[in-house]
>>> print(open('protein-v5.cif').read())   # mmCIF, C-alpha atoms
data_data
#
loop_
_atom_site.label_atom_id
_atom_site.label_comp_id
_atom_site.auth_asym_id
_atom_site.auth_seq_id
_atom_site.Cartn_x
_atom_site.Cartn_y
_atom_site.Cartn_z
CA MET B 583 91.68 129.14 121.95
CA LYS B 584 90.70 127.31 125.13
CA ASN B 585 92.62 128.95 127.99
CA TYR B 586 96.01 128.69 126.27
CA LYS B 587 96.53 132.44 126.03
CA LYS B 588 96.13 133.02 129.78
CA ILE B 589 98.24 129.99 130.74
CA ILE B 590 101.06 130.90 128.30
CA THR B 591 101.08 134.51 129.57
CA ASN B 592 101.24 133.43 133.22
CA ILE B 593 104.05 130.90 132.68
CA TYR B 594 105.99 133.40 130.54
CA LYS B 595 105.81 136.00 133.36
CA ASP B 596 106.87 133.41 135.95
CA LEU B 597 109.89 132.24 133.94
CA LYS B 598 111.04 135.46 132.29
CA SER B 599 113.42 136.49 135.05
CA ILE B 600 114.26 133.17 136.71
CA ASP B 601 117.89 132.22 137.21
CA ASP B 602 118.83 130.27 134.07
CA PRO B 603 121.98 128.14 134.55
CA GLY B 604 122.21 127.34 130.82
CA LYS B 605 124.89 128.48 128.38
CA VAL B 606 124.62 129.73 124.80
CA ALA B 607 126.06 127.34 122.15
CA ASN B 608 129.38 129.15 121.70
CA TYR B 609 131.07 126.25 119.87
CA ILE B 610 129.39 127.69 116.77
CA PRO B 611 130.94 131.18 116.98
CA GLU B 612 128.06 132.98 115.25
CA LEU B 613 125.53 131.60 117.77
CA ALA B 614 127.56 133.07 120.62
CA ASN B 615 126.56 136.55 119.39
CA VAL B 616 122.87 136.02 120.20
CA ASP B 617 121.38 137.86 123.19
CA GLU B 618 121.07 135.12 125.82
CA ASN B 619 118.04 136.86 127.39
CA ASN B 620 115.77 136.34 124.36
CA PHE B 621 112.60 134.49 125.35
CA GLY B 622 109.62 133.96 123.08
CA ILE B 623 106.65 131.63 122.72
CA HIS B 624 104.09 131.14 119.96
CA ILE B 625 101.24 128.64 119.59
CA SER B 626 99.37 127.90 116.36
CA THR B 627 96.25 125.73 116.38
CA ILE B 628 94.71 123.66 113.61
CA ASN B 629 91.74 126.07 113.75
CA ASN B 630 94.00 128.86 112.41
CA GLU B 631 94.25 130.61 115.77
CA GLY B 632 97.56 131.87 117.09
CA PHE B 633 99.06 133.62 120.08
CA GLY B 634 102.60 134.81 120.76
CA ILE B 635 104.40 136.57 123.59
CA GLY B 636 107.88 137.94 124.26
CA ASP B 637 110.38 137.59 121.41
CA ALA B 638 107.98 135.45 119.35
CA ASN B 639 108.59 137.39 116.14
CA LYS B 640 112.41 137.58 116.27
CA LYS B 641 114.18 135.29 113.82
CA PHE B 642 116.84 132.89 115.09
CA SER B 643 118.89 129.97 113.78
CA ILE B 644 116.65 126.91 114.02
CA GLN B 645 119.60 124.49 113.82
CA SER B 646 118.50 120.86 114.41
CA ILE B 647 114.79 121.67 114.20
CA SER B 648 115.45 121.74 110.44
CA LYS B 649 116.08 117.98 110.63
CA ILE B 650 112.30 117.46 110.70
CA LEU B 651 112.05 119.34 107.40
CA THR B 652 114.87 117.47 105.65
CA LEU B 653 113.38 114.17 106.88
CA THR B 654 109.92 115.17 105.64
CA LEU B 655 111.19 115.97 102.15
CA ALA B 656 113.31 112.81 101.92
CA TYR B 657 110.37 110.71 103.14
CA LYS B 658 108.17 112.28 100.44
CA LEU B 659 110.77 111.55 97.77
CA ILE B 660 111.73 107.92 98.50
CA GLY B 661 109.10 106.66 100.96
CA GLU B 662 109.85 103.69 103.23
CA LYS B 663 113.20 103.07 101.52
CA ILE B 664 114.60 105.84 103.70
CA TRP B 665 114.74 103.44 106.66
CA ASN B 666 117.29 101.31 104.81
CA ARG B 667 119.76 104.18 105.26
CA VAL B 668 118.86 105.49 108.71
CA ASP B 669 117.27 103.76 111.71
CA VAL B 670 114.45 104.89 114.05
CA GLU B 671 115.95 104.00 117.44
CA PRO B 672 116.89 106.41 120.26
CA SER B 673 120.67 106.73 120.40
CA GLY B 674 121.18 107.40 124.11
CA ASN B 675 124.30 109.33 123.11
CA PRO B 676 125.07 113.02 122.45
CA PHE B 677 123.85 114.44 119.12
CA ASN B 678 127.35 114.50 117.61
CA SER B 679 128.58 111.12 118.85
CA LEU B 680 130.60 108.76 116.63
CA LEU B 681 130.42 105.84 119.07
CA GLN B 682 127.60 103.72 117.63
CA LEU B 683 128.45 104.16 113.96
CA GLU B 684 131.25 101.58 114.11
CA ALA B 685 129.02 98.88 115.63
CA ASP B 686 126.11 99.79 113.32
CA PHE B 687 128.25 99.73 110.13
CA GLY B 688 127.65 103.39 109.31
CA LYS B 689 123.84 103.35 109.68
CA PRO B 690 122.88 106.17 112.09
CA ARG B 691 120.47 105.29 114.89
CA ASN B 692 117.89 107.93 113.88
CA PRO B 693 117.46 110.93 111.55
CA PHE B 694 117.65 113.53 114.36
CA ILE B 695 121.21 112.97 115.53
CA ASN B 696 123.79 114.72 113.37
CA ALA B 697 124.94 111.51 111.67
CA GLY B 698 121.36 110.67 110.69
CA ALA B 699 120.61 114.16 109.41
CA ILE B 700 123.80 114.10 107.31
CA VAL B 701 122.66 110.83 105.67
CA VAL B 702 119.21 112.38 105.02
CA CYS B 703 120.95 115.35 103.36
CA ASP B 704 122.91 112.91 101.22
CA ILE B 705 119.63 111.27 100.14
CA LEU B 706 118.23 114.67 99.21
CA MET B 707 121.34 115.51 97.20
CA SER B 708 120.80 112.36 95.13
CA HIS B 709 117.22 113.36 94.30
CA LEU B 710 117.24 117.16 94.00
CA LYS B 711 118.66 119.07 91.05
CA ASN B 712 119.66 122.11 93.16
CA PRO B 713 119.55 120.87 96.77
CA LYS B 714 119.90 124.18 98.64
CA GLU B 715 117.46 126.05 96.41
CA ASP B 716 114.98 123.15 96.16
CA PHE B 717 114.95 122.55 99.93
CA LEU B 718 114.36 126.24 100.59
CA THR B 719 111.52 126.26 98.06
CA PHE B 720 109.99 123.23 99.80
CA CYS B 721 110.10 125.01 103.19
CA ARG B 722 108.60 128.17 101.70
CA ASN B 723 105.81 126.20 100.07
CA ILE B 724 104.73 124.23 103.13
CA SER B 725 104.75 127.33 105.31
CA ASN B 726 103.22 129.65 102.69
CA ASN B 727 106.05 131.96 103.77
CA PHE B 728 108.31 133.13 100.97
CA SER B 729 110.62 135.22 103.17
CA LEU B 730 112.30 132.15 104.70
CA ASN B 731 116.04 132.05 104.11
CA TYR B 732 119.40 130.68 105.20
CA SER B 733 121.83 132.67 107.31
CA GLU B 734 125.02 132.59 105.28
CA LYS B 735 126.96 133.87 108.33
CA VAL B 736 125.79 130.94 110.47
CA ALA B 737 126.38 128.40 107.68
CA GLN B 738 129.98 129.59 107.19
CA SER B 739 130.54 129.71 110.96
CA GLU B 740 129.44 126.07 111.22
CA LYS B 741 131.64 125.12 108.28
CA LYS B 742 134.72 126.61 109.95
CA SER B 743 134.04 124.98 113.33
CA GLY B 744 132.25 121.74 112.33
CA PHE B 745 135.15 119.33 112.76
CA ARG B 746 133.00 116.70 114.46
CA ASN B 747 130.43 116.77 111.66
CA ILE B 748 133.21 116.55 109.06
CA ALA B 749 134.51 113.46 110.88
CA LEU B 750 131.00 111.94 111.04
CA CYS B 751 130.40 112.41 107.32
CA ASN B 752 133.77 110.90 106.34
CA PHE B 753 133.30 107.99 108.75
CA ILE B 754 129.84 107.19 107.31
CA LYS B 755 131.30 107.53 103.80
CA SER B 756 133.83 104.80 104.68
CA PHE B 757 130.89 102.41 105.19
CA GLY B 758 129.33 103.42 101.86
CA ASN B 759 126.30 105.15 103.38
CA ILE B 760 127.22 108.56 101.91
CA LYS B 761 126.87 108.49 98.12
CA ASN B 762 127.79 112.08 97.20
CA ASP B 763 130.87 114.27 97.65
CA VAL B 764 131.52 114.78 101.38
CA GLU B 765 132.20 118.52 101.11
CA GLU B 766 129.02 119.12 99.12
CA VAL B 767 126.91 117.07 101.56
CA LEU B 768 128.32 119.01 104.51
CA ASP B 769 127.79 122.36 102.81
CA PHE B 770 124.13 121.45 102.25
CA TYR B 771 123.78 120.16 105.84
CA PHE B 772 125.27 123.33 107.35
CA HIS B 773 122.91 125.46 105.27
CA THR B 774 119.83 123.51 106.36
CA CYS B 775 120.81 124.07 110.00
CA SER B 776 121.30 127.79 109.37
CA LEU B 777 117.64 128.37 108.40
CA GLU B 778 116.27 131.35 110.29
CA MET B 779 112.69 131.51 111.58
CA SER B 780 110.75 133.08 114.41
CA CYS B 781 108.66 131.21 117.00
CA LYS B 782 105.58 132.27 115.05
CA GLU B 783 106.95 130.95 111.75
CA LEU B 784 108.06 127.67 113.32
CA SER B 785 104.73 127.02 115.02
CA GLU B 786 103.02 127.58 111.66
CA ILE B 787 105.36 125.55 109.45
CA PHE B 788 104.91 122.37 111.52
CA LEU B 789 101.12 122.39 111.55
CA TYR B 790 101.28 119.64 108.91
CA LEU B 791 102.31 117.31 111.76
CA ALA B 792 99.32 118.34 113.87
CA ASP B 793 96.56 118.62 111.27
CA GLU B 794 95.52 115.54 109.26
CA THR B 795 93.91 117.75 106.60
CA TYR B 796 96.76 120.29 106.32
CA THR B 797 97.47 121.48 102.78
CA ASN B 798 99.81 124.18 101.52
CA ASN B 799 98.88 127.17 99.36
CA LYS B 800 98.76 124.88 96.31
CA ASN B 801 96.24 122.65 98.10
CA GLU B 802 98.81 119.85 98.34
CA ASN B 803 99.06 117.46 101.27
CA ILE B 804 102.54 117.45 102.79
CA LEU B 805 102.52 113.92 104.21
CA THR B 806 100.11 111.03 104.49
CA THR B 807 98.57 110.44 107.94
CA SER B 808 100.80 107.38 108.34
CA GLU B 809 103.98 109.31 107.47
CA ALA B 810 103.10 112.16 109.84
CA LYS B 811 102.43 109.59 112.60
CA ARG B 812 105.87 108.07 112.09
CA ILE B 813 107.70 111.39 112.16
CA ASN B 814 105.82 112.36 115.34
CA ALA B 815 106.84 109.01 116.86
CA ILE B 816 110.52 109.60 116.08
CA MET B 817 110.25 113.13 117.50
CA LEU B 818 108.84 111.70 120.75
CA THR B 819 111.57 109.08 121.13
CA CYS B 820 114.57 110.84 119.52
CA GLY B 821 113.87 114.58 119.28
CA PHE B 822 116.07 115.61 122.22
CA TYR B 823 119.13 113.38 121.75
CA ASP B 824 120.12 111.68 125.00
CA GLU B 825 117.46 113.67 126.87
CA SER B 826 114.52 112.43 124.77
CA GLY B 827 113.15 110.21 127.52
CA GLU B 828 113.34 113.11 129.96
CA PHE B 829 111.39 115.38 127.60
CA ALA B 830 108.71 112.74 126.99
CA PHE B 831 108.48 112.16 130.76
CA ARG B 832 108.27 115.85 131.69
CA VAL B 833 106.36 117.29 128.71
CA GLY B 834 104.53 114.40 127.05
CA LEU B 835 104.53 115.72 123.48
CA PRO B 836 106.49 114.90 120.31
CA GLY B 837 109.08 117.64 119.93
CA LYS B 838 112.42 118.71 118.51
CA SER B 839 115.10 120.99 119.85
CA GLY B 840 117.92 122.94 118.24
CA VAL B 841 121.12 124.37 119.72
CA GLY B 842 119.92 127.84 118.67
CA GLY B 843 117.66 127.53 121.73
CA GLY B 844 114.41 126.72 119.94
CA ILE B 845 112.03 123.88 120.77
CA ILE B 846 108.92 122.91 118.84
CA ALA B 847 106.28 120.58 120.29
CA VAL B 848 103.27 119.11 118.51
CA HIS B 849 99.94 117.92 119.85
CA PRO B 850 98.36 115.91 117.00
CA ASN B 851 94.91 117.24 116.06
CA GLU B 852 95.42 120.30 118.27
CA PHE B 853 98.42 122.61 117.92
CA CYS B 854 102.10 123.27 117.41
CA ILE B 855 103.90 125.40 120.01
CA THR B 856 107.39 126.90 119.82
CA VAL B 857 109.59 128.24 122.62
CA TRP B 858 112.89 130.05 122.15
CA SER B 859 115.45 130.71 124.87
CA PRO B 860 119.12 130.47 123.76
CA LYS B 861 120.71 129.24 127.01
CA LEU B 862 121.16 125.46 126.80
CA ASN B 863 121.42 122.77 129.46
CA PRO B 864 124.38 120.32 129.38
CA LYS B 865 122.51 118.05 126.91
CA GLY B 866 122.18 120.87 124.34
CA ASN B 867 118.48 121.64 124.92
CA SER B 868 117.00 124.99 125.95
CA TYR B 869 116.80 125.06 129.76
CA LYS B 870 113.96 127.57 129.93
CA GLY B 871 112.23 126.06 126.89
CA MET B 872 111.94 122.64 128.50
CA LEU B 873 110.77 124.16 131.76
CA PHE B 874 108.13 126.24 129.98
CA LEU B 875 106.72 123.26 128.07
CA GLU B 876 106.63 121.10 131.20
CA LYS B 877 104.58 123.77 132.98
CA PHE B 878 102.41 124.31 129.89
CA THR B 879 101.31 120.67 129.54
CA THR B 880 100.89 120.37 133.31
CA ASN B 881 98.69 123.48 133.57
CA THR B 882 96.64 122.74 130.44
CA GLU B 883 96.45 119.02 131.28
CA ASN B 884 97.00 118.55 127.58
CA SER B 885 99.67 116.05 126.55
CA ILE B 886 99.38 112.86 124.53
CA PHE B 887 99.51 110.73 127.68
#
>>> encode(input="protein-v5.cif", output="structure tokens")
Amino acid sequence: MKNYKKIITNIYKDLKSIDDPGKVANYIPELANVDENNFGIHISTINNEGFGIGDANKKFSIQSISKILTLTLAYKLIGEKIWNRVDVEPSGNPFNSLLQLEADFGKPRNPFINAGAIVVCDILMSHLKNPKEDFLTFCRNISNNFSLNYSEKVAQSEKKSGFRNIALCNFIKSFGNIKNDVEEVLDFYFHTCSLEMSCKELSEIFLYLADETYTNNKNENILTTSEAKRINAIMLTCGFYDESGEFAFRVGLPGKSGVGGGIIAVHPNEFCITVWSPKLNPKGNSYKGMLFLEKFTTNTENSIF
């Protein structure tokens, strides 16, 4: 595994006890209960090698990282037509912003801001018989991991405190870009965000974005090479909300963050790496996670640039 193991171990030791100015996402009450000192890393390579350290096997709420999975399934189901409903441009605004929707007539800038992910969930609801069950089955199949599940506590906590997302969904509905019942779309969206995985599970589930020949346990390809390329491109430009340029500049890999403190980053044809540290910077991204990945790509000299 090249020298990844040694480099990851050294950076982990350096960062474990640094002063972290971040704050846990307490606006979702259930997330505020997480131990803010959790810190885990896991890397999975396309050669079926893996290495983890720290809290790499503890499950946590993946939150917006799930937006890659909902996008992947919707892309599989309707192909290029998906871009008629959601754009592929960086937003330059916070993940829960309503600002651009008025000017853009209810078409979200990209599928990784909340508005975009809600539209993707609406697309899935129009094409799946049992959206929550079918989406979970899809995630279990691509990861070959049948223990994956939602956290009902987190989903209900988001439902009770998700006023901004409720406003987003209704606002998009007013432009005709939500086709299903608003409450049902939001319930599905909150459940997708409540998926729980460990760093190890996350680094394994996203190998289909790193490995051109990746197949699941049924020997099925998840995406075409072209589709995987496009999702990686959107991750690079939009995966960190209004800090996406900063992440690309500092880390140099396609990635996606979640307010549960997780970050996944993909090096096509090489690996997927996950970092989890719940304390977030003001933009909603893991402070220690971004710092770790910056040091990792610097020390390995292994980014896409």
>>> resolve_selection(input="protein-v5.cif", expression="the PyMOL selection byres ((chain B and resi 827) around 12)", output="ChimeraX atom specification")
/B:672-674,816-826,828-837
>>> residues_around(input="protein-v5.cif", residues="stretch 765-777 of chain B", least_positions_apart="5", cutoff="7 Å", atoms="only C-alpha atoms", output="list in words")
Ser643, Ile644, Gln645, Ser646, Ser648, Ile700, Cys703, Asp704, Lys714, Asn731, Tyr732, Ser733, Val736, Ala737, Glu740 and Lys741 of chain B
>>> resolve_selection(input="protein-v5.cif", expression="the PyMOL selection byres ((chain B and resi 600) around 12)", output="number ranges by chain")
B: 593-599, 601-604, 619, 621, 869-870, 873-874
>>> write_last_selection(input="protein-v5.cif", atoms="C-alpha atoms", output="JSON list (two decimals), in the frame of the given file")
[["chain", "number", "residue", "atom", "x", "y", "z"],
["B", 593, "ILE", "CA", 104.05, 130.90, 132.68],
["B", 594, "TYR", "CA", 105.99, 133.40, 130.54],
["B", 595, "LYS", "CA", 105.81, 136.00, 133.36],
["B", 596, "ASP", "CA", 106.87, 133.41, 135.95],
["B", 597, "LEU", "CA", 109.89, 132.24, 133.94],
["B", 598, "LYS", "CA", 111.04, 135.46, 132.29],
["B", 599, "SER", "CA", 113.42, 136.49, 135.05],
["B", 601, "ASP", "CA", 117.89, 132.22, 137.21],
["B", 602, "ASP", "CA", 118.83, 130.27, 134.07],
["B", 603, "PRO", "CA", 121.98, 128.14, 134.55],
["B", 604, "GLY", "CA", 122.21, 127.34, 130.82],
["B", 619, "ASN", "CA", 118.04, 136.86, 127.39],
["B", 621, "PHE", "CA", 112.60, 134.49, 125.35],
["B", 869, "TYR", "CA", 116.80, 125.06, 129.76],
["B", 870, "LYS", "CA", 113.96, 127.57, 129.93],
["B", 873, "LEU", "CA", 110.77, 124.16, 131.76],
["B", 874, "PHE", "CA", 108.13, 126.24, 129.98]]
>>> resolve_selection(input="protein-v5.cif", expression="the PyMOL selection byres ((chain B and resi 689) around 9)", output="PyMOL selection string")
chain B and resi 666-669+682-684+686-688+690-692+697-698+701+754+757+759
>>> residues_around(input="protein-v5.cif", residues="B:Ala810", least_positions_apart="2", cutoff="9 Å", atoms="only C-alpha atoms", output="list in words")
Thr654, Tyr790, Leu791, Ala792, Glu794, Ile804, Leu805, Thr806, Thr807, Ser808, Arg812, Ile813, Asn814 and Ala815 of chain B
>>> build_atoms(input="protein-v5.cif", residues="stretch 863-874 of chain B", atoms="all heavy atoms", output="CSV table (one decimal), in the coordinates of the input")
chain,number,residue,atom,x,y,z
B,863,ASN,N,121.0,123.6,128.4
B,863,ASN,CA,121.4,122.8,129.5
B,863,ASN,C,122.6,121.9,129.0
B,863,ASN,O,122.9,122.0,127.8
B,863,ASN,CB,120.3,121.9,130.0
B,863,ASN,CG,119.7,120.9,129.0
B,863,ASN,OD1,120.4,120.5,128.1
B,863,ASN,ND2,118.5,120.4,129.3
B,864,PRO,N,123.2,121.1,129.8
B,864,PRO,CA,124.4,120.3,129.4
B,864,PRO,C,124.1,119.3,128.2
B,864,PRO,O,125.0,118.9,127.6
B,864,PRO,CB,124.8,119.6,130.7
B,864,PRO,CG,124.3,120.4,131.8
B,864,PRO,CD,123.0,121.0,131.3
B,865,LYS,N,122.9,119.0,128.0
B,865,LYS,CA,122.5,118.0,126.9
B,865,LYS,C,122.3,118.8,125.6
B,865,LYS,O,122.0,118.2,124.6
B,865,LYS,CB,121.2,117.3,127.3
B,865,LYS,CG,121.3,116.5,128.6
B,865,LYS,CD,122.2,115.2,128.4
B,865,LYS,CE,122.1,114.3,129.6
B,865,LYS,NZ,122.9,113.2,129.6
B,866,GLY,N,122.4,120.1,125.6
B,866,GLY,CA,122.2,120.9,124.3
B,866,GLY,C,120.8,121.3,124.1
B,866,GLY,O,120.4,121.7,122.9
B,867,ASN,N,119.9,121.2,125.1
B,867,ASN,CA,118.5,121.6,124.9
B,867,ASN,C,118.2,122.9,125.8
B,867,ASN,O,118.8,123.1,126.8
B,867,ASN,CB,117.5,120.5,125.4
B,867,ASN,CG,117.7,119.2,124.5
B,867,ASN,OD1,117.7,119.3,123.3
B,867,ASN,ND2,117.9,118.1,125.2
B,868,SER,N,117.3,123.7,125.3
B,868,SER,CA,117.0,125.0,126.0
B,868,SER,C,116.5,124.7,127.4
B,868,SER,O,115.5,124.0,127.6
B,868,SER,CB,115.9,125.8,125.2
B,868,SER,OG,115.5,126.9,125.9
B,869,TYR,N,117.2,125.3,128.4
B,869,TYR,CA,116.8,125.1,129.8
B,869,TYR,C,115.4,125.6,130.0
B,869,TYR,O,114.5,124.9,130.5
B,869,TYR,CB,117.8,125.7,130.7
B,869,TYR,CG,117.4,125.7,132.1
B,869,TYR,CD1,117.7,124.5,132.9
B,869,TYR,CD2,116.8,126.8,132.7
B,869,TYR,CE1,117.3,124.5,134.3
B,869,TYR,CE2,116.4,126.7,134.1
B,869,TYR,CZ,116.7,125.6,134.8
B,869,TYR,OH,116.3,125.5,136.1
B,870,LYS,N,115.2,126.9,129.6
B,870,LYS,CA,114.0,127.6,129.9
B,870,LYS,C,112.9,127.0,129.0
B,870,LYS,O,111.7,127.0,129.4
B,870,LYS,CB,114.1,129.1,129.7
B,870,LYS,CG,113.1,129.9,130.5
B,870,LYS,CD,113.4,131.4,130.3
B,870,LYS,CE,114.5,132.0,131.1
B,870,LYS,NZ,114.5,133.4,131.1
B,871,GLY,N,113.2,126.6,127.8
B,871,GLY,CA,112.2,126.1,126.9
B,871,GLY,C,111.6,124.8,127.4
B,871,GLY,O,110.4,124.6,127.4
B,872,MET,N,112.5,123.9,127.9
B,872,MET,CA,111.9,122.6,128.5
B,872,MET,C,111.1,122.9,129.7
B,872,MET,O,110.0,122.3,129.9
B,872,MET,CB,113.1,121.7,128.8
B,872,MET,CG,113.7,121.1,127.6
B,872,MET,SD,114.9,119.8,127.9
B,872,MET,CE,113.9,118.4,128.6
B,873,LEU,N,111.5,123.8,130.5
B,873,LEU,CA,110.8,124.2,131.8
B,873,LEU,C,109.4,124.8,131.4
B,873,LEU,O,108.4,124.4,132.0
B,873,LEU,CB,111.6,125.1,132.6
B,873,LEU,CG,111.1,125.4,134.0
B,873,LEU,CD1,111.0,124.1,134.8
B,873,LEU,CD2,112.1,126.4,134.7
B,874,PHE,N,109.4,125.6,130.4
B,874,PHE,CA,108.1,126.2,130.0
B,874,PHE,C,107.2,125.2,129.5
B,874,PHE,O,106.0,125.1,129.9
B,874,PHE,CB,108.4,127.3,128.8
B,874,PHE,CG,107.1,127.8,128.3
B,874,PHE,CD1,106.5,128.9,128.9
B,874,PHE,CD2,106.4,127.1,127.3
B,874,PHE,CE1,105.2,129.4,128.4
B,874,PHE,CE2,105.2,127.6,126.8
B,874,PHE,CZ,104.6,128.7,127.4
